[in-house]
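Student: Please see the structure below; I have some questions.
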2 protein chains.
Amino acid sequence: MAETSAFKAEPPEGIDPIGASSEGASLYELIREDIIEGRLAANERLVVTDLARRHGTSTNPVREALQLLRGEGFVTFVANRGARVRPIDQDFVRDIYEIGVLIEPALTRWFVNMATGEDIAELERLQGLIEENNFADIVRHSELDTAFHTVMYQRHYNRHAAELWWKHREVLRAVSRRFSFTLARRAAIMREHRELIAHVKAGNADEAADLISRHVEGSGRHVLEQMRARNAARAG
Amino acid sequence: MAETSAFKAEPPEGIDPIGASSEGASLYELIREDIIEGRLAANERLVVTDLARRHGTSTNPVREALQLLRGEGFVTFVANRGARVRPIDQDFVRDIYEIGVLIEPALTRWFVNMATGEDIAELERLQGLIEENNFADIVRHSELDTAFHTVMYQRHYNRHAAELWWKHREVLRAVSRRFSFTLARRAAIMREHRELIAHVKAGNADEAADLISRHVEGSGRHVLEQMRARNAARAG
DNA sequence: ACGCGATAAATCGTACATTGTTTGTGGAAA
DNA sequence: TTTCCACAAACAATGTACGATTTATCGCGT
């Protein structure tokens, strides 16, 4: 792995080789980012001609990008009335965290039983970078944390589960980028990562799975609390 | 619920209101069925002009349908080289069964705690129809069985999980339609359904969740064995 | 047999026609 | 005067047609 990509969050191998039309692919990514990052408001209408003009193409690439996003659940369609942004609200986030709590322990269990010395070394290296960064750069932390978990799930035989995890992860990464980490959460993350590595080393699959379950749940709780707080502040 | 739709498999409420273009929607369904049912071979090229001609439309609706299918994972794209059918092979089926084993117990647990008298009555009614049919009509059994589980998952608050379950279910339903049920599997299904109803009545959420886990796993094993057997027969 | 170039074919982007929806205005009734 | 409805005009989604560019195929020559 090259030095630059060593901490860069990348999808597990074989996932999402967005092969589509050169224009279509970038359009897909641009619109998707706009939705996830919140630059496009929830339920906002996605007018094909506007998007085409804004991105300097004609309507067909936009239409295809929107259909693709529909298939992935980021956009809703009503016949003859076009597309709207599916809101990434607390329910949305809660839903995918809950799915993570169900799936990630299973992925972890498999990893513990399959981990090589290099895997463990890589985990420790990444954890070292995470501690070195120590939440100074939130985006970097997010990338490193994603990389940490990707090491564990990347080679799992269940590509669907891994892909599901990755797609959810991307959404959560973007959402959590809007918030900061509480001190309590920072401590929990460090502690749990170290404990996880210990379990992996010892081959304690069940303990690792339990730990991941708590880890994901804690992460979800944390983000949801922040969303709730911000909503309350906005409403008040 | 009308009498005709009483045993007809329908998606949980609020799922997949395929709003797209009238033509586009049917095209999407047609192509998707062709993939799931195996009428379109694995990795077969999906030539836009051919599909358009075959379905009597122009190319644009086909293109959008393919992008939608891409988003849902039934079709793969390579830039400037078009679309191919993603093979629904043993790995594919195993993957989504495993995800079901992880997710369905959680859905079931919630249902047991929320089930009303009407829910239980509906389960018993459907189970009555299942026993009455007794695998005489495989397609009908499949519809009834899906309806049975839909009753349990349909109102779950986690719409993502429910939708995930439904999408997987549709694939598995189509795949399993190609096979028959062994006597052992038939007995297990009947036994487990009855036992499940008993657990729901008694409010035993954990027992019901465990049972569903075994139920889904058994179902997966059964289908995979059949696929394996058929592949061996084809190869031999 | 193995490149290699011409030809065929398919994708991708653009422009346009058609159809359905939304909006805003005017007039009639309350 | 206000409210409601009808109707028309603007608007946007959907379907069609076409040209440009890329890829695949096939026959030819070495």
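Note on naming: chains are A, B, ... as they come in the structure tokens, residues start from 1 per chain, ligands start from 1 in the order shown.
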Could you fit chain B onto chain A by least squares over every C-alpha atom, paired in order, and give me the moved chain as an mmCIF file with C-alpha atoms, in the first residue's frame?

Tutor:
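Output file part.cif is given in full below:
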data_model
loop_
_atom_site.group_PDB
_atom_site.id
_atom_site.type_symbol
_atom_site.label_atom_id
_atom_site.label_comp_id
_atom_site.auth_asym_id
_atom_site.auth_seq_id
_atom_site.Cartn_x
_atom_site.Cartn_y
_atom_site.Cartn_z
ATOM 1 C CA MET B 1 -0.029 0.311 -0.199
ATOM 2 C CA ALA B 2 1.378 3.676 -1.170
ATOM 3 C CA GLU B 3 2.188 6.158 1.518
ATOM 4 C CA THR B 4 -0.449 8.659 0.462
ATOM 5 C CA SER B 5 -3.246 6.133 0.338
ATOM 6 C CA ALA B 6 -2.154 4.584 3.584
ATOM 7 C CA PHE B 7 -4.650 6.577 5.586
ATOM 8 C CA LYS B 8 -7.016 7.466 2.803
ATOM 9 C CA ALA B 9 -10.374 5.809 3.132
ATOM 10 C CA GLU B 10 -10.879 3.480 0.203
ATOM 11 C CA PRO B 11 -13.574 0.955 -0.462
ATOM 12 C CA PRO B 12 -12.934 -2.716 0.156
ATOM 13 C CA GLU B 13 -11.554 -4.354 -2.922
ATOM 14 C CA GLY B 14 -13.970 -5.040 -5.727
ATOM 15 C CA ILE B 15 -16.597 -2.644 -4.530
ATOM 16 C CA ASP B 16 -18.226 0.037 -6.554
ATOM 17 C CA PRO B 17 -15.946 0.149 -9.540
ATOM 18 C CA ILE B 18 -18.188 2.875 -10.850
ATOM 19 C CA GLY B 19 -17.678 2.029 -14.430
ATOM 20 C CA ALA B 20 -20.323 4.284 -15.794
ATOM 21 C CA SER B 21 -19.913 7.041 -18.275
ATOM 22 C CA SER B 22 -17.012 9.274 -17.419
ATOM 23 C CA GLU B 23 -19.360 12.196 -17.049
ATOM 24 C CA GLY B 24 -22.030 10.085 -15.450
ATOM 25 C CA ALA B 25 -19.681 8.760 -12.799
ATOM 26 C CA SER B 26 -18.513 12.155 -11.667
ATOM 27 C CA LEU B 27 -22.042 13.473 -11.796
ATOM 28 C CA TYR B 28 -23.173 10.599 -9.633
ATOM 29 C CA GLU B 29 -20.467 11.315 -7.114
ATOM 30 C CA LEU B 30 -21.046 15.042 -7.113
ATOM 31 C CA ILE B 31 -24.774 14.820 -6.566
ATOM 32 C CA ARG B 32 -24.349 12.096 -4.014
ATOM 33 C CA GLU B 33 -21.842 14.154 -2.063
ATOM 34 C CA ASP B 34 -24.176 17.121 -2.195
ATOM 35 C CA ILE B 35 -26.924 15.007 -0.682
ATOM 36 C CA ILE B 36 -24.810 13.351 1.996
ATOM 37 C CA GLU B 37 -23.029 16.523 2.990
ATOM 38 C CA GLY B 38 -26.321 18.309 3.272
ATOM 39 C CA ARG B 39 -25.670 20.898 0.576
ATOM 40 C CA LEU B 40 -28.863 19.724 -1.056
ATOM 41 C CA ALA B 41 -31.679 20.128 1.434
ATOM 42 C CA ALA B 42 -33.949 17.279 2.409
ATOM 43 C CA ASN B 43 -36.823 16.754 -0.011
ATOM 44 C CA GLU B 44 -35.411 19.355 -2.346
ATOM 45 C CA ARG B 45 -36.440 18.918 -5.948
ATOM 46 C CA LEU B 46 -33.738 17.726 -8.279
ATOM 47 C CA VAL B 47 -34.498 19.411 -11.563
ATOM 48 C CA VAL B 48 -32.715 17.681 -14.378
ATOM 49 C CA THR B 49 -32.193 20.744 -16.536
ATOM 50 C CA ASP B 50 -30.768 22.737 -13.642
ATOM 51 C CA LEU B 51 -28.342 20.017 -12.666
ATOM 52 C CA ALA B 52 -27.307 19.610 -16.287
ATOM 53 C CA ARG B 53 -26.642 23.308 -16.674
ATOM 54 C CA ARG B 54 -24.839 23.493 -13.364
ATOM 55 C CA HIS B 55 -22.494 20.674 -14.303
ATOM 56 C CA GLY B 56 -22.103 21.653 -17.903
ATOM 57 C CA THR B 57 -23.588 18.607 -19.538
ATOM 58 C CA SER B 58 -26.826 17.651 -21.165
ATOM 59 C CA THR B 59 -29.725 16.052 -19.412
ATOM 60 C CA ASN B 60 -29.126 12.398 -20.136
ATOM 61 C CA PRO B 61 -26.117 11.890 -17.870
ATOM 62 C CA VAL B 62 -28.026 13.603 -15.097
ATOM 63 C CA ARG B 63 -31.012 11.374 -15.590
ATOM 64 C CA GLU B 64 -28.871 8.269 -15.385
ATOM 65 C CA ALA B 65 -27.055 9.501 -12.322
ATOM 66 C CA LEU B 66 -30.383 10.140 -10.617
ATOM 67 C CA GLN B 67 -31.652 6.677 -11.424
ATOM 68 C CA LEU B 68 -28.490 5.212 -10.007
ATOM 69 C CA LEU B 69 -28.951 7.237 -6.857
ATOM 70 C CA ARG B 70 -32.523 6.056 -6.708
ATOM 71 C CA GLY B 71 -31.375 2.478 -6.766
ATOM 72 C CA GLU B 72 -29.092 3.233 -3.866
ATOM 73 C CA GLY B 73 -31.828 4.948 -1.938
ATOM 74 C CA PHE B 74 -30.572 8.534 -1.902
ATOM 75 C CA VAL B 75 -33.241 9.888 -4.188
ATOM 76 C CA THR B 76 -36.950 9.280 -4.550
ATOM 77 C CA PHE B 77 -38.949 9.459 -7.735
ATOM 78 C CA VAL B 78 -42.543 10.193 -8.534
ATOM 79 C CA ALA B 79 -43.765 9.573 -12.054
ATOM 80 C CA ASN B 80 -43.847 12.695 -14.196
ATOM 81 C CA ARG B 81 -42.778 14.735 -11.209
ATOM 82 C CA GLY B 82 -39.117 13.966 -11.080
ATOM 83 C CA ALA B 83 -36.674 13.358 -8.283
ATOM 84 C CA ARG B 84 -36.317 14.593 -4.752
ATOM 85 C CA VAL B 85 -33.558 14.335 -2.175
ATOM 86 C CA ARG B 86 -34.254 11.627 0.345
ATOM 87 C CA PRO B 87 -33.678 13.265 3.712
ATOM 88 C CA ILE B 88 -30.763 11.949 5.737
ATOM 89 C CA ASP B 89 -32.368 12.546 9.085
ATOM 90 C CA GLN B 90 -32.099 10.954 12.505
ATOM 91 C CA ASP B 91 -34.261 8.030 11.511
ATOM 92 C CA PHE B 92 -32.093 7.354 8.499
ATOM 93 C CA VAL B 93 -28.940 7.426 10.583
ATOM 94 C CA ARG B 94 -30.427 5.334 13.357
ATOM 95 C CA ASP B 95 -31.562 2.737 10.848
ATOM 96 C CA ILE B 96 -28.184 2.201 9.299
ATOM 97 C CA TYR B 97 -26.425 2.206 12.658
ATOM 98 C CA GLU B 98 -28.729 -0.510 13.867
ATOM 99 C CA ILE B 99 -27.996 -2.562 10.789
ATOM 100 C CA GLY B 100 -24.313 -2.030 11.476
ATOM 101 C CA VAL B 101 -24.722 -3.311 15.004
ATOM 102 C CA LEU B 102 -26.184 -6.489 13.563
ATOM 103 C CA ILE B 103 -23.708 -7.030 10.743
ATOM 104 C CA GLU B 104 -20.330 -5.796 11.944
ATOM 105 C CA PRO B 105 -19.933 -8.285 14.774
ATOM 106 C CA ALA B 106 -20.249 -11.120 12.265
ATOM 107 C CA LEU B 107 -17.674 -9.531 9.986
ATOM 108 C CA THR B 108 -15.394 -9.001 12.944
ATOM 109 C CA ARG B 109 -15.726 -12.554 14.151
ATOM 110 C CA TRP B 110 -14.583 -13.839 10.786
ATOM 111 C CA PHE B 111 -11.686 -11.401 10.713
ATOM 112 C CA VAL B 112 -10.393 -12.458 14.089
ATOM 113 C CA ASN B 113 -10.220 -16.037 12.902
ATOM 114 C CA MET B 114 -8.499 -15.079 9.650
ATOM 115 C CA ALA B 115 -6.213 -12.253 10.698
ATOM 116 C CA THR B 116 -2.579 -12.487 9.667
ATOM 117 C CA GLY B 117 0.426 -10.889 11.275
ATOM 118 C CA GLU B 118 0.395 -8.218 8.589
ATOM 119 C CA ASP B 119 -3.231 -7.444 9.344
ATOM 120 C CA ILE B 120 -2.443 -6.896 12.983
ATOM 121 C CA ALA B 121 0.577 -4.809 12.145
ATOM 122 C CA GLU B 122 -1.557 -2.671 9.851
ATOM 123 C CA LEU B 123 -4.170 -2.228 12.556
ATOM 124 C CA GLU B 124 -1.502 -1.146 15.011
ATOM 125 C CA ARG B 125 0.045 1.206 12.498
ATOM 126 C CA LEU B 126 -3.328 2.827 11.818
ATOM 127 C CA GLN B 127 -4.133 3.022 15.492
ATOM 128 C CA GLY B 128 -0.748 4.703 15.981
ATOM 129 C CA LEU B 129 -1.686 7.315 13.390
ATOM 130 C CA ILE B 130 -5.078 7.765 14.999
ATOM 131 C CA GLU B 131 -3.500 8.395 18.385
ATOM 132 C CA GLU B 132 -0.893 10.659 16.844
ATOM 133 C CA ASN B 133 -3.612 12.710 15.186
ATOM 134 C CA ASN B 134 -5.678 12.566 18.377
ATOM 135 C CA PHE B 135 -8.757 14.178 16.770
ATOM 136 C CA ALA B 136 -6.780 17.300 15.866
ATOM 137 C CA ASP B 137 -7.949 16.913 12.268
ATOM 138 C CA ILE B 138 -11.475 15.527 12.301
ATOM 139 C CA VAL B 139 -11.520 14.598 8.633
ATOM 140 C CA ARG B 140 -8.232 12.796 8.966
ATOM 141 C CA HIS B 141 -9.492 10.923 11.985
ATOM 142 C CA SER B 142 -12.524 9.869 10.029
ATOM 143 C CA GLU B 143 -10.378 8.583 7.174
ATOM 144 C CA LEU B 144 -8.081 6.712 9.514
ATOM 145 C CA ASP B 145 -10.911 5.196 11.460
ATOM 146 C CA THR B 146 -12.562 4.014 8.278
ATOM 147 C CA ALA B 147 -9.269 2.543 7.107
ATOM 148 C CA PHE B 148 -8.928 0.761 10.442
ATOM 149 C CA HIS B 149 -12.242 -0.995 10.045
ATOM 150 C CA THR B 150 -11.721 -1.587 6.349
ATOM 151 C CA VAL B 151 -8.663 -3.657 7.166
ATOM 152 C CA MET B 152 -10.943 -5.946 9.095
ATOM 153 C CA TYR B 153 -13.780 -6.251 6.619
ATOM 154 C CA GLN B 154 -12.070 -5.896 3.303
ATOM 155 C CA ARG B 155 -11.418 -9.532 2.598
ATOM 156 C CA HIS B 156 -14.611 -10.981 3.980
ATOM 157 C CA TYR B 157 -16.131 -13.600 1.724
ATOM 158 C CA ASN B 158 -19.589 -12.065 2.012
ATOM 159 C CA ARG B 159 -19.198 -9.281 -0.491
ATOM 160 C CA HIS B 160 -22.770 -8.133 -0.033
ATOM 161 C CA ALA B 161 -22.305 -7.616 3.662
ATOM 162 C CA ALA B 162 -19.004 -5.844 3.131
ATOM 163 C CA GLU B 163 -20.504 -3.634 0.458
ATOM 164 C CA LEU B 164 -23.474 -2.844 2.658
ATOM 165 C CA TRP B 165 -21.118 -1.869 5.441
ATOM 166 C CA TRP B 166 -19.097 0.340 3.121
ATOM 167 C CA LYS B 167 -22.103 2.183 1.743
ATOM 168 C CA HIS B 168 -23.423 2.837 5.209
ATOM 169 C CA ARG B 169 -19.993 3.864 6.353
ATOM 170 C CA GLU B 170 -19.738 6.485 3.652
ATOM 171 C CA VAL B 171 -22.985 8.059 4.731
ATOM 172 C CA LEU B 172 -22.072 8.061 8.384
ATOM 173 C CA ARG B 173 -18.641 9.434 7.675
ATOM 174 C CA ALA B 174 -20.148 12.384 5.869
ATOM 175 C CA VAL B 175 -22.744 12.966 8.552
ATOM 176 C CA SER B 176 -20.309 12.760 11.428
ATOM 177 C CA ARG B 177 -17.968 15.162 9.669
ATOM 178 C CA ARG B 178 -20.406 17.882 10.612
ATOM 179 C CA PHE B 179 -19.897 17.258 14.300
ATOM 180 C CA SER B 180 -17.048 17.128 16.752
ATOM 181 C CA PHE B 181 -16.251 14.337 19.188
ATOM 182 C CA THR B 182 -16.978 14.724 22.853
ATOM 183 C CA LEU B 183 -14.115 13.951 25.206
ATOM 184 C CA ALA B 184 -15.937 10.916 26.504
ATOM 185 C CA ARG B 185 -16.389 9.585 22.988
ATOM 186 C CA ARG B 186 -12.738 10.194 22.140
ATOM 187 C CA ALA B 187 -11.632 8.208 25.152
ATOM 188 C CA ALA B 188 -14.041 5.401 24.348
ATOM 189 C CA ILE B 189 -12.830 5.141 20.755
ATOM 190 C CA MET B 190 -9.192 4.911 21.805
ATOM 191 C CA ARG B 191 -9.915 2.403 24.516
ATOM 192 C CA GLU B 192 -12.072 0.211 22.324
ATOM 193 C CA HIS B 193 -9.646 0.212 19.423
ATOM 194 C CA ARG B 194 -6.802 -0.861 21.685
ATOM 195 C CA GLU B 195 -8.936 -3.493 23.314
ATOM 196 C CA LEU B 196 -10.021 -4.725 19.896
ATOM 197 C CA ILE B 197 -6.431 -5.165 18.771
ATOM 198 C CA ALA B 198 -5.745 -7.132 21.931
ATOM 199 C CA HIS B 199 -8.670 -9.430 21.233
ATOM 200 C CA VAL B 200 -7.543 -9.939 17.653
ATOM 201 C CA LYS B 201 -4.060 -10.812 18.826
ATOM 202 C CA ALA B 202 -5.436 -13.270 21.356
ATOM 203 C CA GLY B 203 -7.853 -14.741 18.845
ATOM 204 C CA ASN B 204 -10.881 -13.964 21.023
ATOM 205 C CA ALA B 205 -13.502 -13.810 18.303
ATOM 206 C CA ASP B 206 -16.524 -13.598 20.571
ATOM 207 C CA GLU B 207 -15.065 -10.895 22.753
ATOM 208 C CA ALA B 208 -14.067 -8.911 19.674
ATOM 209 C CA ALA B 209 -17.552 -9.258 18.209
ATOM 210 C CA ASP B 210 -19.145 -8.087 21.452
ATOM 211 C CA LEU B 211 -16.779 -5.177 21.603
ATOM 212 C CA ILE B 212 -17.545 -4.119 18.024
ATOM 213 C CA SER B 213 -21.213 -4.291 18.797
ATOM 214 C CA ARG B 214 -20.742 -1.851 21.660
ATOM 215 C CA HIS B 215 -18.362 0.245 19.557
ATOM 216 C CA VAL B 216 -20.845 0.703 16.741
ATOM 217 C CA GLU B 217 -23.704 1.305 19.114
ATOM 218 C CA GLY B 218 -21.710 3.912 20.984
ATOM 219 C CA SER B 219 -20.758 5.607 17.761
ATOM 220 C CA GLY B 220 -24.382 5.684 16.673
ATOM 221 C CA ARG B 221 -25.564 7.067 19.963
ATOM 222 C CA HIS B 222 -22.938 9.764 19.809
ATOM 223 C CA VAL B 223 -23.864 10.957 16.337
ATOM 224 C CA LEU B 224 -27.576 10.824 17.071
ATOM 225 C CA GLU B 225 -27.105 12.872 20.231
ATOM 226 C CA GLN B 226 -25.275 15.492 18.217
ATOM 227 C CA MET B 227 -27.976 15.573 15.570
ATOM 228 C CA ARG B 228 -30.621 15.875 18.253
ATOM 229 C CA ALA B 229 -28.757 18.680 19.963
ATOM 230 C CA ARG B 230 -28.329 20.598 16.742
ATOM 231 C CA ASN B 231 -31.965 20.164 15.828
ATOM 232 C CA ALA B 232 -33.020 21.385 19.247
ATOM 233 C CA ALA B 233 -30.739 24.376 18.920
ATOM 234 C CA ARG B 234 -32.172 25.148 15.496
ATOM 235 C CA ALA B 235 -35.731 24.831 16.735
ATOM 236 C CA GLY B 236 -35.192 26.787 19.960
#

Student: Could you pull out the helix (DSSP H, G or I) residues of range 38-216 of chain A, going by DSSP on the backbone, and write them as number ranges by chain?

Tutor: A: 48-55, 59-72, 90-114, 117-133, 138-153, 159-176, 183-202, 205-216

Student: Can you tell me, as a PDB file with N, CA and C atoms (P, O5', C5', C4', C3', O3' and C1' of nucleotides), in the first residue's frame, what residues are no more than 12 Å from DC2 in chain C when counting only C-alpha atoms (C1' of nucleotides), ignoring any on the same chain fewer than 2 positions away?

Tutor:
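Writing the result to result_9.pdb gives the following:
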ATOM      1  P    DC C   4       1.170  -4.870 -35.211  1.00  0.00           P
ATOM      2  O5'  DC C   4       0.077  -4.522 -36.311  1.00  0.00           O
ATOM      3  C5'  DC C   4       0.185  -5.060 -37.632  1.00  0.00           C
ATOM      4  C4'  DC C   4      -0.920  -4.505 -38.488  1.00  0.00           C
ATOM      5  C3'  DC C   4      -1.569  -3.240 -37.951  1.00  0.00           C
ATOM      6  O3'  DC C   4      -1.938  -2.410 -39.029  1.00  0.00           O
ATOM      7  C1'  DC C   4      -3.203  -4.897 -38.183  1.00  0.00           C
TER       8       DC C   4
ATOM      9  P    DC D  28     -10.592 -11.090 -47.342  1.00  0.00           P
ATOM     10  O5'  DC D  28      -9.217 -10.328 -47.541  1.00  0.00           O
ATOM     11  C5'  DC D  28      -9.118  -8.932 -47.234  1.00  0.00           C
ATOM     12  C4'  DC D  28      -7.732  -8.630 -46.711  1.00  0.00           C
ATOM     13  C3'  DC D  28      -6.605  -9.365 -47.451  1.00  0.00           C
ATOM     14  O3'  DC D  28      -5.808  -8.425 -48.130  1.00  0.00           O
ATOM     15  C1'  DC D  28      -6.299  -9.419 -45.085  1.00  0.00           C
ATOM     16  P    DG D  29      -4.753  -8.946 -49.241  1.00  0.00           P
ATOM     17  O5'  DG D  29      -3.367  -8.750 -48.484  1.00  0.00           O
ATOM     18  C5'  DG D  29      -3.065  -7.507 -47.874  1.00  0.00           C
ATOM     19  C4'  DG D  29      -1.933  -7.698 -46.878  1.00  0.00           C
ATOM     20  C3'  DG D  29      -0.692  -8.393 -47.458  1.00  0.00           C
ATOM     21  O3'  DG D  29       0.461  -7.659 -47.096  1.00  0.00           O
ATOM     22  C1'  DG D  29      -1.426  -9.519 -45.506  1.00  0.00           C
ATOM     23  P    DT D  30       1.835  -7.847 -47.890  1.00  0.00           P
ATOM     24  O5'  DT D  30       2.793  -8.432 -46.775  1.00  0.00           O
ATOM     25  C5'  DT D  30       2.941  -7.721 -45.540  1.00  0.00           C
ATOM     26  C4'  DT D  30       3.302  -8.688 -44.437  1.00  0.00           C
ATOM     27  C3'  DT D  30       4.582  -9.497 -44.695  1.00  0.00           C
ATOM     28  O3'  DT D  30       5.576  -9.110 -43.762  1.00  0.00           O
ATOM     29  C1'  DT D  30       2.837 -10.812 -43.706  1.00  0.00           C
TER      30       DT D  30
END

Student: Based on only C-alpha atoms (C1' of nucleotides), which of the residues in chain C come within 12 Å of chain A? I want them as an NGL selection string.

Tutor: :C and (11-15 or 19-22)

Student: Any idea what's packed within 10 Å of DT25 in chain D, counting only C-alpha atoms (C1' of nucleotides), ignoring anything in its chain fewer than 5 positions away? Could you give it as a list in words?

Tutor: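 Once the nearby chain positions are removed, what remains is DT7, DA8 and DA9 of chain C.
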
Student: If you run DSSP on the backbone, which residues of range 58-186 of chain B are strand (DSSP E or B), as a list of chain:residue names?

Tutor: B:Val75, B:Thr76, B:Phe77, B:Val78, B:Gly82, B:Ala83, B:Arg84, B:Val85

Student: Could you jot down the C1' of DC7 in chain D to C1' of DG27 in chain C separation for me, Å, one decimal place?

Tutor: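 Atom-to-atom, C1' of DC7 in chain D to C1' of DG27 in chain C, that is 10.7 Å.
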
Student: Counting only C-alpha atoms (C1' of nucleotides), collect the residues of chain D whose closest atom lies at most 10 Å from chain B, and write them out as a PyMOL selection string.

Tutor: chain D and resi 13-17+21-24

Student: Using C1' of DT1 in chain D and C1' of DG24 in chain C as the two end points, give the distance in Å to one decimal.

Tutor: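 Computing the Euclidean distance for C1' of DT1 in chain D and C1' of DG24 in chain C yields 20.1 Å.
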